[in-house]
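I have placed the structure first, in the form of structure tokens, so that the comments after it can refer back to it.
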Amino acid sequence: MKYEWFIGLRYLKAKRKQTFISIITIISIAGVMVGVMTLIVVLAVMSGFEKTLKEKILGTQAHLVLLKVGPEGLENYEEVTRKVEKIKGVISAAPFIFNQVMLSSESNVSGVVLKGIDPDRVAKVTELAHNLKAGRLGDIKGSREGGPPGIILGVELAKHLSVSLNHTIQVISPLGTLTPMGMMPKMKQFRVKGIFHSGMYEYDNTLAYVSLESAQKFFSMGTRVTGIEIKTKDIYQVKAISKEIRREMGFPFWTKDWMEMNRNLFSALKLEKIAMFIILVLIVLVAAFNIISTLIMVVMEKNKDIAILKSMGAPSGGIMKIFIIEGGVIGVVGTALGTILGLGIALNLEKVTDFVENLFGFKILASDVYYIDKLPSQVNSLDVVLIVITAILISLLATLYPSWRASRLDPAEALRYE
């Protein structure tokens, strides 16, 4: 073992009369450990939130929608749907109608987005069938006895209107018919045939579904639809698939993917994750100051040893290496311990939160407020590697000034009064 490593590792320990040095060494290691552990856990939770949010959005929305320029809508949608499904990367497609209406029950009124869907095909492009908590998709086609057609409401919308299965509500469209008395809104009765829960408050409170035929009749669209919903094989290749669809279909068709429809939300999440990373790196920087103070105190205490080493011919670079090794070991050990603890917590976050909730008797995430009753966690290997590299680099940078001070020590001055 080279003398730099031997002395650097030896200085991590303390003599019997100098236990204070060993204590601040332990504190420095603990500081790096806490910083790394916190970074790993928080970024795992942020990634988990992003993943969970993405799953909930894509459970209600399609990966991609195909629309036509102009207010008249899309005709010959069956032919367009078949053509789209033949394009590489597309799994399935389904027509839809999209419009704003007002729902009225005996106790309340609410403005919502009414979506006309094909019950037989919508399950192939969204998770609506999976999200249904009551009723069936096929029931919205209407009864054979001539009763009102069916409608599916979000769970929060049903609560707001105080309705449940088989209750009747009024659907009112401001785009009514022109009469001698002026514009009269169009109204039609619908019977609640299903209630869905997507986990997203905005969707559960502002979305309602009816059959494609009912929407066409209500909005006087004839055989036209608003557009085509498309499910792709890879949600991250949706830009390329969208470009291919536009090239194949030509003008006046245009597309809009899930990233564009939720750009603000995911941009905010990404910015928040970056900001959180920068803020938490400050914890590691605080630990780096502990390393600096530890090494400065060791240098001051080891003046005699450094002077003897230089008198024996040790170069300045060798002296620097001794203290870089000492600080580097603190950083590496702290980073390793923090990584192990951070991964342990992040990978078992549900058990940890259950323990904390049972210990203190409160709910960390109330499902009636956040719609997520557990803290989501997703460990990304790239995040962990970035955290480890950052922590070790900061620790090594923290050793440079104390090591330089040690290498500049004049042995004659240090040994003058010895």
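We name chains A, B, ... following the order of the structure tokens; residues begin at 1 in each chain, and ligands are numbered from 1 as shown.
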
Please run DSSP on the backbone and report, as a CSV table (one decimal) with N, CA and C atoms, in the first residue's frame, all residues within stretch 161-409 of chain A that come out as helix (DSSP H, G or I).
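Heads up, here's the output in part.csv:
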chain,number,residue,atom,x,y,z
A,161,LEU,N,-74.4,16.0,-8.8
A,161,LEU,CA,-75.8,16.0,-9.3
A,161,LEU,C,-76.7,15.2,-8.4
A,201,TYR,N,-59.5,14.2,-10.7
A,201,TYR,CA,-60.7,15.0,-10.3
A,201,TYR,C,-61.3,15.7,-11.5
A,202,GLU,N,-60.5,16.3,-12.4
A,202,GLU,CA,-61.0,17.0,-13.5
A,202,GLU,C,-61.8,16.2,-14.4
A,203,TYR,N,-61.4,14.9,-14.7
A,203,TYR,CA,-62.1,14.0,-15.5
A,203,TYR,C,-63.4,13.5,-14.8
A,204,ASP,N,-63.2,13.2,-13.6
A,204,ASP,CA,-64.4,12.6,-12.8
A,204,ASP,C,-65.5,13.6,-12.6
A,205,ASN,N,-65.1,14.9,-12.7
A,205,ASN,CA,-66.1,15.9,-12.4
A,205,ASN,C,-66.7,16.6,-13.6
A,206,THR,N,-66.0,16.4,-14.8
A,206,THR,CA,-66.4,17.2,-16.0
A,206,THR,C,-66.6,16.3,-17.2
A,212,LEU,N,-72.4,6.8,-29.5
A,212,LEU,CA,-72.1,7.6,-30.7
A,212,LEU,C,-73.4,8.0,-31.4
A,213,GLU,N,-74.4,7.1,-31.5
A,213,GLU,CA,-75.7,7.3,-32.2
A,213,GLU,C,-76.5,8.4,-31.4
A,214,SER,N,-76.5,8.3,-30.1
A,214,SER,CA,-77.2,9.3,-29.3
A,214,SER,C,-76.6,10.7,-29.5
A,215,ALA,N,-75.3,10.8,-29.5
A,215,ALA,CA,-74.6,12.1,-29.7
A,215,ALA,C,-74.9,12.7,-31.1
A,216,GLN,N,-74.9,11.8,-32.1
A,216,GLN,CA,-75.1,12.3,-33.5
A,216,GLN,C,-76.5,12.8,-33.6
A,217,LYS,N,-77.5,12.2,-33.0
A,217,LYS,CA,-78.9,12.7,-33.0
A,217,LYS,C,-79.0,14.0,-32.2
A,218,PHE,N,-78.4,14.0,-31.0
A,218,PHE,CA,-78.6,15.2,-30.1
A,218,PHE,C,-78.0,16.4,-30.7
A,235,ILE,N,-46.2,4.7,-26.5
A,235,ILE,CA,-46.6,6.1,-26.3
A,235,ILE,C,-45.5,7.1,-26.5
A,236,TYR,N,-44.3,6.6,-26.4
A,236,TYR,CA,-43.2,7.6,-26.6
A,236,TYR,C,-42.8,7.7,-28.1
A,237,GLN,N,-43.4,6.9,-28.9
A,237,GLN,CA,-43.1,7.1,-30.4
A,237,GLN,C,-44.3,7.7,-31.1
A,238,VAL,N,-45.2,8.4,-30.2
A,238,VAL,CA,-46.4,8.9,-30.8
A,238,VAL,C,-46.2,10.1,-31.7
A,239,LYS,N,-45.1,10.8,-31.6
A,239,LYS,CA,-44.8,11.9,-32.5
A,239,LYS,C,-44.5,11.4,-33.9
A,240,ALA,N,-43.7,10.3,-34.0
A,240,ALA,CA,-43.4,9.7,-35.3
A,240,ALA,C,-44.6,9.1,-36.0
A,241,ILE,N,-45.4,8.4,-35.1
A,241,ILE,CA,-46.7,7.8,-35.7
A,241,ILE,C,-47.6,8.9,-36.1
A,242,SER,N,-47.7,10.0,-35.4
A,242,SER,CA,-48.6,11.1,-35.7
A,242,SER,C,-48.2,11.7,-37.1
A,243,LYS,N,-46.9,11.8,-37.2
A,243,LYS,CA,-46.3,12.4,-38.5
A,243,LYS,C,-46.7,11.5,-39.7
A,244,GLU,N,-46.6,10.2,-39.5
A,244,GLU,CA,-46.9,9.2,-40.5
A,244,GLU,C,-48.4,9.2,-40.9
A,245,ILE,N,-49.2,9.4,-39.9
A,245,ILE,CA,-50.7,9.5,-40.1
A,245,ILE,C,-51.0,10.7,-40.9
A,246,ARG,N,-50.4,11.8,-40.6
A,246,ARG,CA,-50.7,13.1,-41.3
A,246,ARG,C,-50.2,12.9,-42.8
A,247,ARG,N,-49.1,12.3,-43.0
A,247,ARG,CA,-48.5,12.1,-44.3
A,247,ARG,C,-49.5,11.2,-45.1
A,248,GLU,N,-50.0,10.1,-44.4
A,248,GLU,CA,-50.8,9.2,-45.1
A,248,GLU,C,-52.2,9.8,-45.5
A,249,MET,N,-52.8,10.5,-44.5
A,249,MET,CA,-54.1,11.0,-44.7
A,249,MET,C,-54.2,12.3,-45.5
A,258,TRP,N,-51.1,12.8,-26.9
A,258,TRP,CA,-51.3,13.0,-25.5
A,258,TRP,C,-50.3,14.0,-24.9
A,259,MET,N,-49.1,14.1,-25.4
A,259,MET,CA,-48.1,15.0,-24.9
A,259,MET,C,-48.5,16.5,-25.1
A,260,GLU,N,-49.1,16.7,-26.3
A,260,GLU,CA,-49.5,18.1,-26.7
A,260,GLU,C,-50.8,18.4,-25.8
A,261,MET,N,-51.7,17.5,-25.6
A,261,MET,CA,-52.9,17.8,-24.9
A,261,MET,C,-52.6,18.0,-23.4
A,263,ARG,N,-49.4,19.1,-22.2
A,263,ARG,CA,-48.1,19.7,-22.2
A,263,ARG,C,-47.8,20.5,-20.9
A,264,ASN,N,-48.7,21.4,-20.5
A,264,ASN,CA,-48.5,22.2,-19.4
A,264,ASN,C,-48.3,21.4,-18.1
A,265,LEU,N,-49.1,20.4,-18.0
A,265,LEU,CA,-49.1,19.5,-16.8
A,265,LEU,C,-47.7,18.8,-16.7
A,266,PHE,N,-47.3,18.2,-17.7
A,266,PHE,CA,-46.1,17.4,-17.7
A,266,PHE,C,-44.8,18.3,-17.7
A,267,SER,N,-44.9,19.5,-18.3
A,267,SER,CA,-43.8,20.5,-18.2
A,267,SER,C,-43.7,20.9,-16.8
A,268,ALA,N,-44.8,21.2,-16.1
A,268,ALA,CA,-44.7,21.6,-14.7
A,268,ALA,C,-44.1,20.5,-13.8
A,269,LEU,N,-44.5,19.2,-14.1
A,269,LEU,CA,-43.9,18.1,-13.3
A,269,LEU,C,-42.4,18.0,-13.5
A,270,LYS,N,-42.0,18.1,-14.8
A,270,LYS,CA,-40.6,18.0,-15.1
A,270,LYS,C,-39.8,19.2,-14.5
A,271,LEU,N,-40.3,20.4,-14.5
A,271,LEU,CA,-39.7,21.5,-13.9
A,271,LEU,C,-39.6,21.4,-12.4
A,272,GLU,N,-40.7,20.8,-11.8
A,272,GLU,CA,-40.7,20.6,-10.4
A,272,GLU,C,-39.6,19.6,-10.0
A,273,LYS,N,-39.5,18.6,-10.8
A,273,LYS,CA,-38.5,17.5,-10.5
A,273,LYS,C,-37.1,18.1,-10.5
A,274,ILE,N,-36.8,18.9,-11.6
A,274,ILE,CA,-35.5,19.5,-11.7
A,274,ILE,C,-35.2,20.5,-10.6
A,275,ALA,N,-36.2,21.3,-10.2
A,275,ALA,CA,-36.0,22.2,-9.1
A,275,ALA,C,-35.8,21.5,-7.8
A,276,MET,N,-36.5,20.3,-7.6
A,276,MET,CA,-36.4,19.6,-6.4
A,276,MET,C,-34.9,19.0,-6.3
A,277,PHE,N,-34.4,18.5,-7.5
A,277,PHE,CA,-33.1,18.0,-7.5
A,277,PHE,C,-32.0,19.0,-7.1
A,278,ILE,N,-32.2,20.2,-7.7
A,278,ILE,CA,-31.3,21.3,-7.4
A,278,ILE,C,-31.3,21.7,-5.9
A,279,ILE,N,-32.5,21.8,-5.3
A,279,ILE,CA,-32.7,22.1,-3.9
A,279,ILE,C,-32.1,21.1,-3.0
A,280,LEU,N,-32.3,19.8,-3.3
A,280,LEU,CA,-31.8,18.7,-2.5
A,280,LEU,C,-30.3,18.5,-2.6
A,281,VAL,N,-29.7,18.9,-3.7
A,281,VAL,CA,-28.3,18.9,-3.9
A,281,VAL,C,-27.6,19.8,-2.8
A,282,LEU,N,-28.3,20.8,-2.4
A,282,LEU,CA,-27.8,21.7,-1.4
A,282,LEU,C,-27.5,21.0,-0.1
A,283,ILE,N,-28.3,19.9,0.2
A,283,ILE,CA,-28.1,19.1,1.4
A,283,ILE,C,-26.7,18.5,1.3
A,284,VAL,N,-26.4,18.0,0.1
A,284,VAL,CA,-25.1,17.4,-0.1
A,284,VAL,C,-24.0,18.4,0.0
A,285,LEU,N,-24.3,19.7,-0.5
A,285,LEU,CA,-23.3,20.7,-0.4
A,285,LEU,C,-23.0,21.1,1.1
A,286,VAL,N,-24.1,21.0,1.9
A,286,VAL,CA,-23.9,21.3,3.4
A,286,VAL,C,-23.0,20.2,3.9
A,287,ALA,N,-23.2,18.9,3.5
A,287,ALA,CA,-22.3,17.9,3.9
A,287,ALA,C,-20.9,18.1,3.4
A,288,ALA,N,-20.7,18.7,2.3
A,288,ALA,CA,-19.4,19.0,1.7
A,288,ALA,C,-18.7,20.0,2.6
A,289,PHE,N,-19.4,21.0,3.1
A,289,PHE,CA,-18.8,21.9,4.1
A,289,PHE,C,-18.3,21.2,5.3
A,290,ASN,N,-19.0,20.2,5.7
A,290,ASN,CA,-18.6,19.4,6.9
A,290,ASN,C,-17.3,18.7,6.6
A,291,ILE,N,-17.2,18.2,5.3
A,291,ILE,CA,-15.9,17.6,4.9
A,291,ILE,C,-14.8,18.6,5.0
A,292,ILE,N,-15.0,19.8,4.4
A,292,ILE,CA,-14.0,20.8,4.4
A,292,ILE,C,-13.5,21.2,5.8
A,293,SER,N,-14.5,21.4,6.7
A,293,SER,CA,-14.1,21.7,8.1
A,293,SER,C,-13.4,20.6,8.8
A,294,THR,N,-13.8,19.3,8.5
A,294,THR,CA,-13.1,18.2,9.1
A,294,THR,C,-11.7,18.1,8.6
A,295,LEU,N,-11.4,18.3,7.3
A,295,LEU,CA,-10.1,18.2,6.8
A,295,LEU,C,-9.2,19.4,7.3
A,296,ILE,N,-9.8,20.6,7.4
A,296,ILE,CA,-9.0,21.7,7.9
A,296,ILE,C,-8.6,21.5,9.3
A,297,MET,N,-9.5,20.9,10.2
A,297,MET,CA,-9.1,20.6,11.5
A,297,MET,C,-8.0,19.5,11.6
A,298,VAL,N,-8.1,18.5,10.7
A,298,VAL,CA,-7.1,17.5,10.7
A,298,VAL,C,-5.8,18.1,10.2
A,299,VAL,N,-5.8,18.9,9.2
A,299,VAL,CA,-4.5,19.6,8.8
A,299,VAL,C,-3.9,20.4,9.9
A,300,MET,N,-4.7,21.1,10.7
A,300,MET,CA,-4.2,21.9,11.8
A,300,MET,C,-3.6,21.0,12.9
A,301,GLU,N,-4.3,19.9,13.1
A,301,GLU,CA,-3.8,19.0,14.2
A,301,GLU,C,-2.6,18.2,13.7
A,303,ASN,N,-0.1,19.2,11.7
A,303,ASN,CA,1.0,20.0,11.2
A,303,ASN,C,2.4,19.4,11.4
A,304,LYS,N,2.6,18.8,12.6
A,304,LYS,CA,3.9,18.2,12.9
A,304,LYS,C,4.1,17.0,11.9
A,305,ASP,N,3.1,16.2,11.7
A,305,ASP,CA,3.2,15.0,10.9
A,305,ASP,C,3.5,15.4,9.4
A,306,ILE,N,2.8,16.5,9.0
A,306,ILE,CA,3.0,16.9,7.6
A,306,ILE,C,4.5,17.5,7.4
A,307,ALA,N,4.9,18.2,8.4
A,307,ALA,CA,6.3,18.8,8.4
A,307,ALA,C,7.3,17.7,8.3
A,308,ILE,N,7.2,16.6,9.1
A,308,ILE,CA,8.1,15.5,9.1
A,308,ILE,C,8.1,14.8,7.8
A,309,LEU,N,6.9,14.6,7.2
A,309,LEU,CA,6.8,13.9,5.9
A,309,LEU,C,7.5,14.8,4.8
A,310,LYS,N,7.4,16.1,4.8
A,310,LYS,CA,8.0,16.9,3.9
A,310,LYS,C,9.5,17.0,4.1
A,311,SER,N,10.0,16.9,5.4
A,311,SER,CA,11.4,16.9,5.7
A,311,SER,C,12.0,15.6,5.2
A,316,SER,N,4.8,17.8,-2.5
A,316,SER,CA,3.5,18.5,-2.2
A,316,SER,C,2.3,17.8,-2.7
A,317,GLY,N,2.5,17.2,-3.9
A,317,GLY,CA,1.5,16.4,-4.5
A,317,GLY,C,1.1,15.2,-3.6
A,318,GLY,N,2.1,14.6,-3.0
A,318,GLY,CA,1.8,13.4,-2.1
A,318,GLY,C,1.0,13.9,-0.9
A,319,ILE,N,1.4,15.0,-0.3
A,319,ILE,CA,0.6,15.5,0.8
A,319,ILE,C,-0.8,15.8,0.4
A,320,MET,N,-1.0,16.4,-0.7
A,320,MET,CA,-2.4,16.7,-1.2
A,320,MET,C,-3.2,15.4,-1.3
A,321,LYS,N,-2.5,14.4,-1.9
A,321,LYS,CA,-3.2,13.1,-2.1
A,321,LYS,C,-3.7,12.5,-0.8
A,322,ILE,N,-2.9,12.7,0.3
A,322,ILE,CA,-3.3,12.1,1.6
A,322,ILE,C,-4.7,12.6,2.0
A,323,PHE,N,-4.8,13.9,1.9
A,323,PHE,CA,-6.1,14.5,2.4
A,323,PHE,C,-7.2,14.4,1.3
A,324,ILE,N,-6.9,14.3,0.1
A,324,ILE,CA,-7.9,14.0,-0.9
A,324,ILE,C,-8.5,12.6,-0.7
A,325,ILE,N,-7.5,11.7,-0.4
A,325,ILE,CA,-8.0,10.3,-0.1
A,325,ILE,C,-8.9,10.3,1.1
A,326,GLU,N,-8.5,11.0,2.2
A,326,GLU,CA,-9.3,11.0,3.4
A,326,GLU,C,-10.7,11.6,3.1
A,327,GLY,N,-10.8,12.7,2.4
A,327,GLY,CA,-12.1,13.3,2.1
A,327,GLY,C,-12.9,12.5,1.1
A,328,GLY,N,-12.1,11.9,0.1
A,328,GLY,CA,-12.8,11.0,-0.8
A,328,GLY,C,-13.4,9.8,-0.2
A,329,VAL,N,-12.7,9.2,0.8
A,329,VAL,CA,-13.3,8.0,1.5
A,329,VAL,C,-14.6,8.5,2.3
A,330,ILE,N,-14.5,9.6,2.9
A,330,ILE,CA,-15.8,10.1,3.6
A,330,ILE,C,-16.9,10.2,2.6
A,331,GLY,N,-16.6,10.8,1.4
A,331,GLY,CA,-17.7,11.0,0.4
A,331,GLY,C,-18.2,9.7,-0.1
A,332,VAL,N,-17.3,8.8,-0.4
A,332,VAL,CA,-17.7,7.5,-1.0
A,332,VAL,C,-18.5,6.6,0.0
A,333,VAL,N,-18.0,6.6,1.2
A,333,VAL,CA,-18.7,5.8,2.3
A,333,VAL,C,-20.1,6.4,2.5
A,334,GLY,N,-20.1,7.7,2.7
A,334,GLY,CA,-21.4,8.4,2.9
A,334,GLY,C,-22.4,8.1,1.7
A,335,THR,N,-21.8,8.2,0.5
A,335,THR,CA,-22.7,8.0,-0.7
A,335,THR,C,-23.2,6.6,-0.8
A,336,ALA,N,-22.3,5.6,-0.5
A,336,ALA,CA,-22.7,4.2,-0.5
A,336,ALA,C,-23.8,3.9,0.5
A,337,LEU,N,-23.6,4.4,1.7
A,337,LEU,CA,-24.6,4.2,2.8
A,337,LEU,C,-25.9,4.9,2.4
A,338,GLY,N,-25.8,6.1,1.9
A,338,GLY,CA,-27.0,6.8,1.5
A,338,GLY,C,-27.8,6.1,0.3
A,339,THR,N,-27.0,5.6,-0.6
A,339,THR,CA,-27.6,4.9,-1.7
A,339,THR,C,-28.3,3.6,-1.3
A,340,ILE,N,-27.7,2.9,-0.4
A,340,ILE,CA,-28.3,1.6,0.2
A,340,ILE,C,-29.6,2.0,0.9
A,341,LEU,N,-29.5,3.0,1.8
A,341,LEU,CA,-30.7,3.4,2.6
A,341,LEU,C,-31.8,4.0,1.7
A,342,GLY,N,-31.4,4.8,0.8
A,342,GLY,CA,-32.4,5.5,-0.1
A,342,GLY,C,-33.1,4.4,-1.0
A,343,LEU,N,-32.4,3.5,-1.6
A,343,LEU,CA,-33.0,2.4,-2.4
A,343,LEU,C,-33.9,1.6,-1.5
A,344,GLY,N,-33.4,1.3,-0.3
A,344,GLY,CA,-34.2,0.5,0.6
A,344,GLY,C,-35.6,1.1,0.9
A,345,ILE,N,-35.6,2.4,1.2
A,345,ILE,CA,-36.8,3.1,1.5
A,345,ILE,C,-37.7,3.3,0.2
A,346,ALA,N,-37.0,3.7,-0.9
A,346,ALA,CA,-37.8,3.9,-2.1
A,346,ALA,C,-38.5,2.7,-2.7
A,347,LEU,N,-37.8,1.5,-2.6
A,347,LEU,CA,-38.3,0.3,-3.1
A,347,LEU,C,-39.4,-0.3,-2.1
A,349,LEU,N,-41.4,1.8,-0.1
A,349,LEU,CA,-42.1,3.0,0.4
A,349,LEU,C,-43.5,2.8,0.9
A,350,GLU,N,-44.2,1.9,0.3
A,350,GLU,CA,-45.5,1.6,0.8
A,350,GLU,C,-45.5,1.0,2.2
A,351,LYS,N,-44.6,0.1,2.5
A,351,LYS,CA,-44.5,-0.4,3.9
A,351,LYS,C,-44.0,0.6,4.8
A,352,VAL,N,-43.1,1.5,4.4
A,352,VAL,CA,-42.6,2.6,5.3
A,352,VAL,C,-43.8,3.5,5.6
A,353,THR,N,-44.6,4.0,4.6
A,353,THR,CA,-45.7,4.9,4.8
A,353,THR,C,-46.7,4.2,5.7
A,354,ASP,N,-47.0,2.9,5.5
A,354,ASP,CA,-48.0,2.2,6.4
A,354,ASP,C,-47.5,2.2,7.8
A,355,PHE,N,-46.2,2.0,8.0
A,355,PHE,CA,-45.6,2.0,9.4
A,355,PHE,C,-45.8,3.4,10.0
A,356,VAL,N,-45.4,4.5,9.3
A,356,VAL,CA,-45.5,5.8,9.8
A,356,VAL,C,-47.0,6.2,10.1
A,357,GLU,N,-47.9,5.8,9.2
A,357,GLU,CA,-49.3,6.1,9.4
A,357,GLU,C,-49.9,5.4,10.7
A,358,ASN,N,-49.5,4.1,10.9
A,358,ASN,CA,-49.9,3.4,12.0
A,358,ASN,C,-49.3,3.9,13.3
A,359,LEU,N,-48.0,4.4,13.2
A,359,LEU,CA,-47.3,4.9,14.4
A,359,LEU,C,-47.9,6.2,14.9
A,360,PHE,N,-48.2,7.1,13.9
A,360,PHE,CA,-48.7,8.4,14.3
A,360,PHE,C,-50.2,8.6,14.2
A,367,SER,N,-57.3,9.8,0.3
A,367,SER,CA,-57.8,9.5,-1.0
A,367,SER,C,-59.0,10.4,-1.5
A,368,ASP,N,-59.7,11.0,-0.6
A,368,ASP,CA,-60.8,11.9,-1.0
A,368,ASP,C,-60.3,13.3,-1.3
A,369,VAL,N,-59.0,13.5,-1.1
A,369,VAL,CA,-58.4,14.8,-1.5
A,369,VAL,C,-57.5,14.6,-2.7
A,370,TYR,N,-56.6,13.6,-2.6
A,370,TYR,CA,-55.5,13.5,-3.6
A,370,TYR,C,-55.8,12.4,-4.6
A,381,SER,N,-32.9,4.1,-12.7
A,381,SER,CA,-31.4,3.9,-12.5
A,381,SER,C,-30.6,5.1,-12.9
A,382,LEU,N,-31.0,5.8,-13.9
A,382,LEU,CA,-30.3,7.0,-14.4
A,382,LEU,C,-30.2,8.1,-13.3
A,383,ASP,N,-31.4,8.2,-12.6
A,383,ASP,CA,-31.4,9.2,-11.5
A,383,ASP,C,-30.4,8.8,-10.4
A,384,VAL,N,-30.4,7.5,-10.0
A,384,VAL,CA,-29.5,7.0,-9.0
A,384,VAL,C,-28.0,7.2,-9.4
A,385,VAL,N,-27.7,6.9,-10.6
A,385,VAL,CA,-26.3,7.1,-11.1
A,385,VAL,C,-25.9,8.5,-11.0
A,386,LEU,N,-26.8,9.4,-11.5
A,386,LEU,CA,-26.6,10.9,-11.5
A,386,LEU,C,-26.4,11.4,-10.0
A,387,ILE,N,-27.2,10.9,-9.1
A,387,ILE,CA,-27.0,11.3,-7.7
A,387,ILE,C,-25.7,10.8,-7.1
A,388,VAL,N,-25.3,9.6,-7.4
A,388,VAL,CA,-24.1,9.0,-6.9
A,388,VAL,C,-22.9,9.8,-7.4
A,389,ILE,N,-22.9,10.1,-8.7
A,389,ILE,CA,-21.7,10.8,-9.3
A,389,ILE,C,-21.7,12.2,-8.8
A,390,THR,N,-22.8,12.9,-8.7
A,390,THR,CA,-22.9,14.3,-8.1
A,390,THR,C,-22.3,14.3,-6.7
A,391,ALA,N,-22.8,13.4,-5.9
A,391,ALA,CA,-22.3,13.4,-4.5
A,391,ALA,C,-20.8,13.2,-4.3
A,392,ILE,N,-20.3,12.2,-5.1
A,392,ILE,CA,-18.9,11.9,-5.0
A,392,ILE,C,-18.0,13.1,-5.6
A,393,LEU,N,-18.5,13.7,-6.7
A,393,LEU,CA,-17.8,14.9,-7.2
A,393,LEU,C,-17.7,16.0,-6.2
A,394,ILE,N,-18.9,16.3,-5.6
A,394,ILE,CA,-18.9,17.4,-4.6
A,394,ILE,C,-18.0,17.1,-3.4
A,395,SER,N,-18.0,15.8,-3.0
A,395,SER,CA,-17.1,15.4,-1.9
A,395,SER,C,-15.6,15.6,-2.3
A,396,LEU,N,-15.3,15.2,-3.5
A,396,LEU,CA,-13.9,15.4,-3.9
A,396,LEU,C,-13.5,16.8,-4.1
A,397,LEU,N,-14.4,17.6,-4.6
A,397,LEU,CA,-14.1,19.1,-4.8
A,397,LEU,C,-13.9,19.7,-3.4
A,398,ALA,N,-14.6,19.2,-2.4
A,398,ALA,CA,-14.5,19.8,-1.0
A,398,ALA,C,-13.2,19.5,-0.4
A,400,LEU,N,-10.3,19.8,-2.0
A,400,LEU,CA,-9.2,20.5,-2.7
A,400,LEU,C,-8.5,21.6,-1.9
A,401,TYR,N,-9.3,22.5,-1.3
A,401,TYR,CA,-8.7,23.6,-0.5
A,401,TYR,C,-8.0,23.1,0.7
A,402,PRO,N,-8.5,22.2,1.6
A,402,PRO,CA,-7.7,21.8,2.7
A,402,PRO,C,-6.5,21.0,2.3
A,403,SER,N,-6.5,20.3,1.2
A,403,SER,CA,-5.4,19.5,0.7
A,403,SER,C,-4.3,20.5,0.2
A,404,TRP,N,-4.7,21.5,-0.5
A,404,TRP,CA,-3.8,22.5,-1.0
A,404,TRP,C,-3.1,23.3,0.2
A,405,ARG,N,-3.9,23.6,1.2
A,405,ARG,CA,-3.3,24.2,2.4
A,405,ARG,C,-2.3,23.3,3.1
A,406,ALA,N,-2.6,22.0,3.1
A,406,ALA,CA,-1.6,21.1,3.7
A,406,ALA,C,-0.3,21.0,2.9
A,407,SER,N,-0.5,21.0,1.6
A,407,SER,CA,0.7,20.9,0.7
A,407,SER,C,1.6,22.2,0.8

- Message: Could you check the closest approach to A:Ala44 for each of A:Ile151, A:Gln378, A:Arg408, A:Tyr77 and tell me which residue wins, using only C-alpha atoms?
- Response: A:Gln378

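Straight-line separation from atom CA of A:Asp234 to atom CA of A:Gly116: 25.7 Å.
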
- Task: Would you please extract all strand (DSSP E or B) residues from stretch 17-134 of chain A, as assigned by DSSP on the backbone, and give them as number ranges by chain?
- Result: A: 64-68, 74, 90-104, 109-117, 132-134

- Message: Rounded to one decimal, what separation in Å do you get between atom CA of A:Leu67 and atom CA of A:Gly150?
- Response: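 A separation of 26.0 Å between them.
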
- Task: Record the distance separating atom CA of A:Thr60 and atom CA of A:Phe96, expressed in Å with one decimal.
- Result: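 Going from atom CA of A:Thr60 over to atom CA of A:Phe96, I get 13.0 Å.
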
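Proximity to A:Leu114 was assessed for A:Ala208, A:Val80, A:Ala129, A:Ala30 counting only C-alpha atoms; the smallest distance is recorded for A:Ala208.
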
- Query: Which residues come within 7 Å of A:Val45, counting only C-alpha atoms, excluding same-chain residues fewer than 3 positions away, as JSON, numbers by chain?
  - Reply: {"A": [41, 42, 48, 49, 375, 376, 377, 378]}

Mind writing the picked residues with C-alpha atoms as a PDB file, in the first residue's frame?
ATOM      1  CA  VAL A  41     -36.276   8.910  -2.124  1.00  0.00           C
ATOM      2  CA  VAL A  42     -37.662  12.280  -3.243  1.00  0.00           C
ATOM      3  CA  GLY A  48     -43.776   7.732  -9.227  1.00  0.00           C
ATOM      4  CA  PHE A  49     -46.195  10.665  -9.261  1.00  0.00           C
ATOM      5  CA  LEU A 375     -47.137   7.464  -2.078  1.00  0.00           C
ATOM      6  CA  PRO A 376     -46.078   6.209  -5.526  1.00  0.00           C
ATOM      7  CA  SER A 377     -42.421   5.359  -6.039  1.00  0.00           C
ATOM      8  CA  GLN A 378     -40.431   4.561  -9.156  1.00  0.00           C
TER       9      GLN A 378
END
